[in-house]
$ cat start-v5.pdb   # PDB, C-alpha atoms and all ligand atoms
ATOM      1  CA  MET T   1      70.947 137.417 124.495  1.00  0.00           C
ATOM      2  CA  SER T   2      70.507 136.612 120.885  1.00  0.00           C
ATOM      3  CA  PRO T   3      70.562 132.909 119.982  1.00  0.00           C
ATOM      4  CA  ARG T   4      72.349 133.942 116.802  1.00  0.00           C
ATOM      5  CA  ASN T   5      75.440 135.154 118.574  1.00  0.00           C
ATOM      6  CA  PRO T   6      78.128 134.785 115.878  1.00  0.00           C
ATOM      7  CA  TYR T   7      80.789 133.986 118.450  1.00  0.00           C
ATOM      8  CA  ASN T   8      79.014 130.749 119.288  1.00  0.00           C
ATOM      9  CA  ARG T   9      79.278 129.488 115.756  1.00  0.00           C
ATOM     10  CA  LYS T  10      81.791 126.725 115.202  1.00  0.00           C
ATOM     11  CA  ALA T  11      84.224 127.960 112.623  1.00  0.00           C
ATOM     12  CA  GLY T  12      85.976 125.957 109.949  1.00  0.00           C
ATOM     13  CA  ARG T  13      83.442 123.169 109.600  1.00  0.00           C
ATOM     14  CA  PRO T  14      81.071 124.118 106.824  1.00  0.00           C
ATOM     15  CA  LYS T  15      78.177 121.779 106.340  1.00  0.00           C
ATOM     16  CA  PRO T  16      78.277 119.845 103.068  1.00  0.00           C
ATOM     17  CA  ASP T  17      75.766 121.117 100.534  1.00  0.00           C
ATOM     18  CA  HIS T  18      74.451 117.643  99.929  1.00  0.00           C
ATOM     19  CA  LEU T  19      75.111 114.066 100.878  1.00  0.00           C
ATOM     20  CA  PRO T  20      76.823 111.989  98.196  1.00  0.00           C
ATOM     21  CA  THR T  21      74.449 110.029  96.025  1.00  0.00           C
ATOM     22  CA  ARG T  22      74.755 106.306  95.346  1.00  0.00           C
ATOM     23  CA  GLU T  23      76.225 107.093  91.942  1.00  0.00           C
ATOM     24  CA  GLU T  24      78.849 109.360  93.431  1.00  0.00           C
ATOM     25  CA  ILE T  25      79.838 106.738  95.994  1.00  0.00           C
ATOM     26  CA  ALA T  26      80.088 104.057  93.299  1.00  0.00           C
ATOM     27  CA  LYS T  27      82.253 106.372  91.238  1.00  0.00           C
ATOM     28  CA  GLY T  28      84.545 106.957  94.217  1.00  0.00           C
ATOM     29  CA  VAL T  29      84.887 103.230  94.839  1.00  0.00           C
ATOM     30  CA  LYS T  30      85.729 102.613  91.193  1.00  0.00           C
ATOM     31  CA  GLN T  31      88.325 105.342  91.358  1.00  0.00           C
ATOM     32  CA  LEU T  32      89.900 103.751  94.440  1.00  0.00           C
ATOM     33  CA  ARG T  33      90.040 100.371  92.730  1.00  0.00           C
ATOM     34  CA  ARG T  34      91.681 101.828  89.658  1.00  0.00           C
ATOM     35  CA  ASP T  35      94.284 103.600  91.772  1.00  0.00           C
ATOM     36  CA  GLY T  36      95.012 100.573  93.927  1.00  0.00           C
ATOM     37  CA  SER T  37      97.914  98.225  93.365  1.00  0.00           C
ATOM     38  CA  PRO T  38      97.304  95.335  90.940  1.00  0.00           C
ATOM     39  CA  ASP T  39      97.462  92.859  93.806  1.00  0.00           C
ATOM     40  CA  ALA T  40      94.633  94.622  95.592  1.00  0.00           C
ATOM     41  CA  ASN T  41      92.372  93.688  92.711  1.00  0.00           C
ATOM     42  CA  TYR T  42      93.018  89.966  92.704  1.00  0.00           C
ATOM     43  CA  ARG T  43      89.976  89.305  94.834  1.00  0.00           C
ATOM     44  CA  GLU T  44      87.529  90.841  92.394  1.00  0.00           C
ATOM     45  CA  ARG T  45      89.328  89.186  89.490  1.00  0.00           C
ATOM     46  CA  SER T  46      89.190  85.778  91.124  1.00  0.00           C
ATOM     47  CA  LEU T  47      85.497  86.145  91.863  1.00  0.00           C
ATOM     48  CA  ALA T  48      84.891  87.198  88.268  1.00  0.00           C
ATOM     49  CA  LEU T  49      86.969  84.303  86.912  1.00  0.00           C
ATOM     50  CA  HIS T  50      85.771  81.471  89.116  1.00  0.00           C
ATOM     51  CA  GLY T  51      82.287  82.694  89.921  1.00  0.00           C
ATOM     52  CA  LEU T  52      80.531  83.412  93.213  1.00  0.00           C
ATOM     53  CA  ILE T  53      80.761  79.874  94.508  1.00  0.00           C
ATOM     54  CA  CYS T  54      82.890  78.142  97.130  1.00  0.00           C
ATOM     55  CA  ALA T  55      85.334  75.719  95.502  1.00  0.00           C
ATOM     56  CA  LYS T  56      85.049  73.306  98.454  1.00  0.00           C
ATOM     57  CA  CYS T  57      81.444  73.161  99.625  1.00  0.00           C
ATOM     58  CA  ALA T  58      79.849  74.649  96.489  1.00  0.00           C
ATOM     59  CA  ARG T  59      77.964  77.201  98.551  1.00  0.00           C
ATOM     60  CA  GLU T  60      76.764  79.933  96.228  1.00  0.00           C
ATOM     61  CA  PHE T  61      76.968  83.623  96.897  1.00  0.00           C
ATOM     62  CA  THR T  62      75.268  86.698  95.560  1.00  0.00           C
ATOM     63  CA  TRP T  63      76.570  90.120  94.737  1.00  0.00           C
ATOM     64  CA  GLU T  64      75.280  91.291  98.131  1.00  0.00           C
ATOM     65  CA  ASN T  65      76.958  88.683 100.358  1.00  0.00           C
ATOM     66  CA  ARG T  66      80.046  88.009  98.258  1.00  0.00           C
ATOM     67  CA  ARG T  67      82.217  89.532 100.990  1.00  0.00           C
ATOM     68  CA  GLN T  68      81.845  86.190 102.759  1.00  0.00           C
ATOM     69  CA  LEU T  69      83.502  84.522  99.795  1.00  0.00           C
ATOM     70  CA  THR T  70      87.258  84.870 100.118  1.00  0.00           C
ATOM     71  CA  VAL T  71      90.148  84.174  97.800  1.00  0.00           C
ATOM     72  CA  HIS T  72      92.615  81.507  98.866  1.00  0.00           C
ATOM     73  CA  HIS T  73      96.102  81.320  97.373  1.00  0.00           C
ATOM     74  CA  ILE T  74      96.663  77.699  96.497  1.00  0.00           C
ATOM     75  CA  ASP T  75     100.450  77.884  96.940  1.00  0.00           C
ATOM     76  CA  GLY T  76     100.055  80.019 100.077  1.00  0.00           C
ATOM     77  CA  ASN T  77     101.886  82.954  98.480  1.00  0.00           C
ATOM     78  CA  ASP T  78      99.615  85.974  98.299  1.00  0.00           C
ATOM     79  CA  LYS T  79     102.118  87.745  96.057  1.00  0.00           C
ATOM     80  CA  ASN T  80     101.660  85.060  93.423  1.00  0.00           C
ATOM     81  CA  ASN T  81      98.704  86.383  91.440  1.00  0.00           C
ATOM     82  CA  PRO T  82      98.823  85.102  87.865  1.00  0.00           C
ATOM     83  CA  ALA T  83      96.268  86.771  85.612  1.00  0.00           C
ATOM     84  CA  ASN T  84      94.720  83.458  84.613  1.00  0.00           C
ATOM     85  CA  GLY T  85      93.699  82.824  88.224  1.00  0.00           C
ATOM     86  CA  SER T  86      95.585  79.526  88.477  1.00  0.00           C
ATOM     87  CA  ASN T  87      96.735  80.296  92.027  1.00  0.00           C
ATOM     88  CA  TRP T  88      93.325  81.359  93.292  1.00  0.00           C
ATOM     89  CA  GLU T  89      90.513  79.412  94.826  1.00  0.00           C
ATOM     90  CA  ASN T  90      87.283  81.033  95.938  1.00  0.00           C
ATOM     91  CA  LEU T  91      86.462  79.701  99.383  1.00  0.00           C
ATOM     92  CA  CYS T  92      83.717  80.636 101.818  1.00  0.00           C
ATOM     93  CA  ILE T  93      85.118  81.864 105.128  1.00  0.00           C
ATOM     94  CA  ASP T  94      84.446  78.508 106.802  1.00  0.00           C
ATOM     95  CA  CYS T  95      86.272  76.461 104.185  1.00  0.00           C
ATOM     96  CA  HIS T  96      89.046  79.024 104.001  1.00  0.00           C
ATOM     97  CA  GLU T  97      89.623  78.807 107.728  1.00  0.00           C
ATOM     98  CA  ALA T  98      89.606  75.005 107.583  1.00  0.00           C
ATOM     99  CA  GLU T  99      92.081  75.088 104.703  1.00  0.00           C
ATOM    100  CA  HIS T 100      94.498  77.223 106.674  1.00  0.00           C
ATOM    101  CA  SER T 101      94.196  75.460 110.009  1.00  0.00           C
ATOM    102  CA  ARG T 102      94.943  72.217 108.175  1.00  0.00           C
ATOM    103  CA  GLY T 103      97.982  73.778 106.557  1.00  0.00           C
ATOM    104  CA  LEU T 104      99.258  75.180 109.837  1.00  0.00           C
ATOM    105  CA  LEU T 105      98.734  71.868 111.567  1.00  0.00           C
ATOM    106  CA  GLY T 106     100.578  70.119 108.758  1.00  0.00           C
ATOM    107  CA  ASP T 107     103.522  72.475 109.132  1.00  0.00           C
ATOM    108  CA  TYR T 108     103.437  71.961 112.869  1.00  0.00           C
ATOM    109  CA  LEU T 109     103.489  68.183 112.571  1.00  0.00           C
ATOM    110  CA  ARG T 110     106.341  68.301 110.092  1.00  0.00           C
ATOM    111  CA  GLY T 111     108.291  70.495 112.475  1.00  0.00           C
ATOM    112  CA  ASP T 112     108.513  73.373 109.995  1.00  0.00           C
ATOM    113  CA  ASP T 113     108.548  76.821 111.461  1.00  0.00           C
TER
HETATM  114 ZN    ZN P 201      82.840  76.520 101.554  1.00  0.00          ZN
HETATM  115 ZN    ZN P 202      93.963  81.098 102.033  1.00  0.00          ZN
END

$ encode --input "start-v5.pdb" --output "structure tokens"
Amino acid sequence: MSPRNPYNRKAGRPKPDHLPTREEIAKGVKQLRRDGSPDANYRERSLALHGLICAKCAREFTWENRRQLTVHHIDGNDKNNPANGSNWENLCIDCHEAEHSRGLLGDYLRGDD
């Protein structure tokens, strides 16, 4: 029995010639961003506008851990994304959670649904 029996070969799944390089991945990500809806970009815009710092506790972030810095919509409407960033607040995940639990509790106490 030959180990190179062609019938044992898995068809239809050619191996890629090479793995994508960092540059190619970055290019793909950029492409995705450009093709995304304008709203999908508000996060990056808010971070660029307000800086990598939490508006509440002033914790600073770096390019590497900036995923822990989130964008809060001050009026609670995530469709309201003015270009000047007036409805955005950069909050670390802890402050963001606190902000929302306070808001929910407030609604609850007021009897709003
Ligand atoms: Zn914070
Ligand atoms: Zn929020």

$ atom_distance --input "start-v5.pdb" --atom1 "CA of Thr62 in chain T" --atom2 "CA of Ser46 in chain T"
14.6 Å

$ residues_near_ligand --input "start-v5.pdb" --ligand "ligand ZN 202 (chain P)" --cutoff "6 Å" --atoms "all atoms listed in the file" --output "PDB file with C-alpha atoms, in the frame of the given file"
ATOM      1  CA  HIS T  72      92.615  81.507  98.866  1.00  0.00           C
ATOM      2  CA  HIS T  73      96.102  81.320  97.373  1.00  0.00           C
ATOM      3  CA  HIS T  96      89.046  79.024 104.001  1.00  0.00           C
TER       4      HIS T  96
END

$ residues_near_ligand --input "start-v5.pdb" --ligand "ligand ZN 201 (chain P)" --cutoff "12 Å" --atoms "all atoms listed in the file" --output "list of chain:residue names"
T:Leu52, T:Ile53, T:Cys54, T:Ala55, T:Lys56, T:Cys57, T:Ala58, T:Arg59, T:Glu60, T:Phe61, T:Gln68, T:Leu69, T:Thr70, T:Val71, T:His72, T:Glu89, T:Asn90, T:Leu91, T:Cys92, T:Ile93, T:Asp94, T:Cys95, T:His96, T:Glu97, T:Ala98, T:Glu99

$ write_last_selection --input "start-v5.pdb" --atoms "C-alpha atoms" --output "PDB file, in the coordinates of the input"
ATOM      1  CA  LEU T  52      80.531  83.412  93.213  1.00  0.00           C
ATOM      2  CA  ILE T  53      80.761  79.874  94.508  1.00  0.00           C
ATOM      3  CA  CYS T  54      82.890  78.142  97.130  1.00  0.00           C
ATOM      4  CA  ALA T  55      85.334  75.719  95.502  1.00  0.00           C
ATOM      5  CA  LYS T  56      85.049  73.306  98.454  1.00  0.00           C
ATOM      6  CA  CYS T  57      81.444  73.161  99.625  1.00  0.00           C
ATOM      7  CA  ALA T  58      79.849  74.649  96.489  1.00  0.00           C
ATOM      8  CA  ARG T  59      77.964  77.201  98.551  1.00  0.00           C
ATOM      9  CA  GLU T  60      76.764  79.933  96.228  1.00  0.00           C
ATOM     10  CA  PHE T  61      76.968  83.623  96.897  1.00  0.00           C
ATOM     11  CA  GLN T  68      81.845  86.190 102.759  1.00  0.00           C
ATOM     12  CA  LEU T  69      83.502  84.522  99.795  1.00  0.00           C
ATOM     13  CA  THR T  70      87.258  84.870 100.118  1.00  0.00           C
ATOM     14  CA  VAL T  71      90.148  84.174  97.800  1.00  0.00           C
ATOM     15  CA  HIS T  72      92.615  81.507  98.866  1.00  0.00           C
ATOM     16  CA  GLU T  89      90.513  79.412  94.826  1.00  0.00           C
ATOM     17  CA  ASN T  90      87.283  81.033  95.938  1.00  0.00           C
ATOM     18  CA  LEU T  91      86.462  79.701  99.383  1.00  0.00           C
ATOM     19  CA  CYS T  92      83.717  80.636 101.818  1.00  0.00           C
ATOM     20  CA  ILE T  93      85.118  81.864 105.128  1.00  0.00           C
ATOM     21  CA  ASP T  94      84.446  78.508 106.802  1.00  0.00           C
ATOM     22  CA  CYS T  95      86.272  76.461 104.185  1.00  0.00           C
ATOM     23  CA  HIS T  96      89.046  79.024 104.001  1.00  0.00           C
ATOM     24  CA  GLU T  97      89.623  78.807 107.728  1.00  0.00           C
ATOM     25  CA  ALA T  98      89.606  75.005 107.583  1.00  0.00           C
ATOM     26  CA  GLU T  99      92.081  75.088 104.703  1.00  0.00           C
TER      27      GLU T  99
END

$ closest_residue --input "start-v5.pdb" --among "T:Tyr42, T:Arg67, T:His100, T:Gly51" --to "Asn81 in chain T" --atoms "only C-alpha atoms"
T:Tyr42

$ atom_distance --input "start-v5.pdb" --atom1 "CA of Pro20 in chain T" --atom2 "CA of Arg66 in chain T"
24.2 Å

$ atom_distance --input "start-v5.pdb" --atom1 "CA of Leu19 in chain T" --atom2 "CA of Asn41 in chain T"
27.9 Å
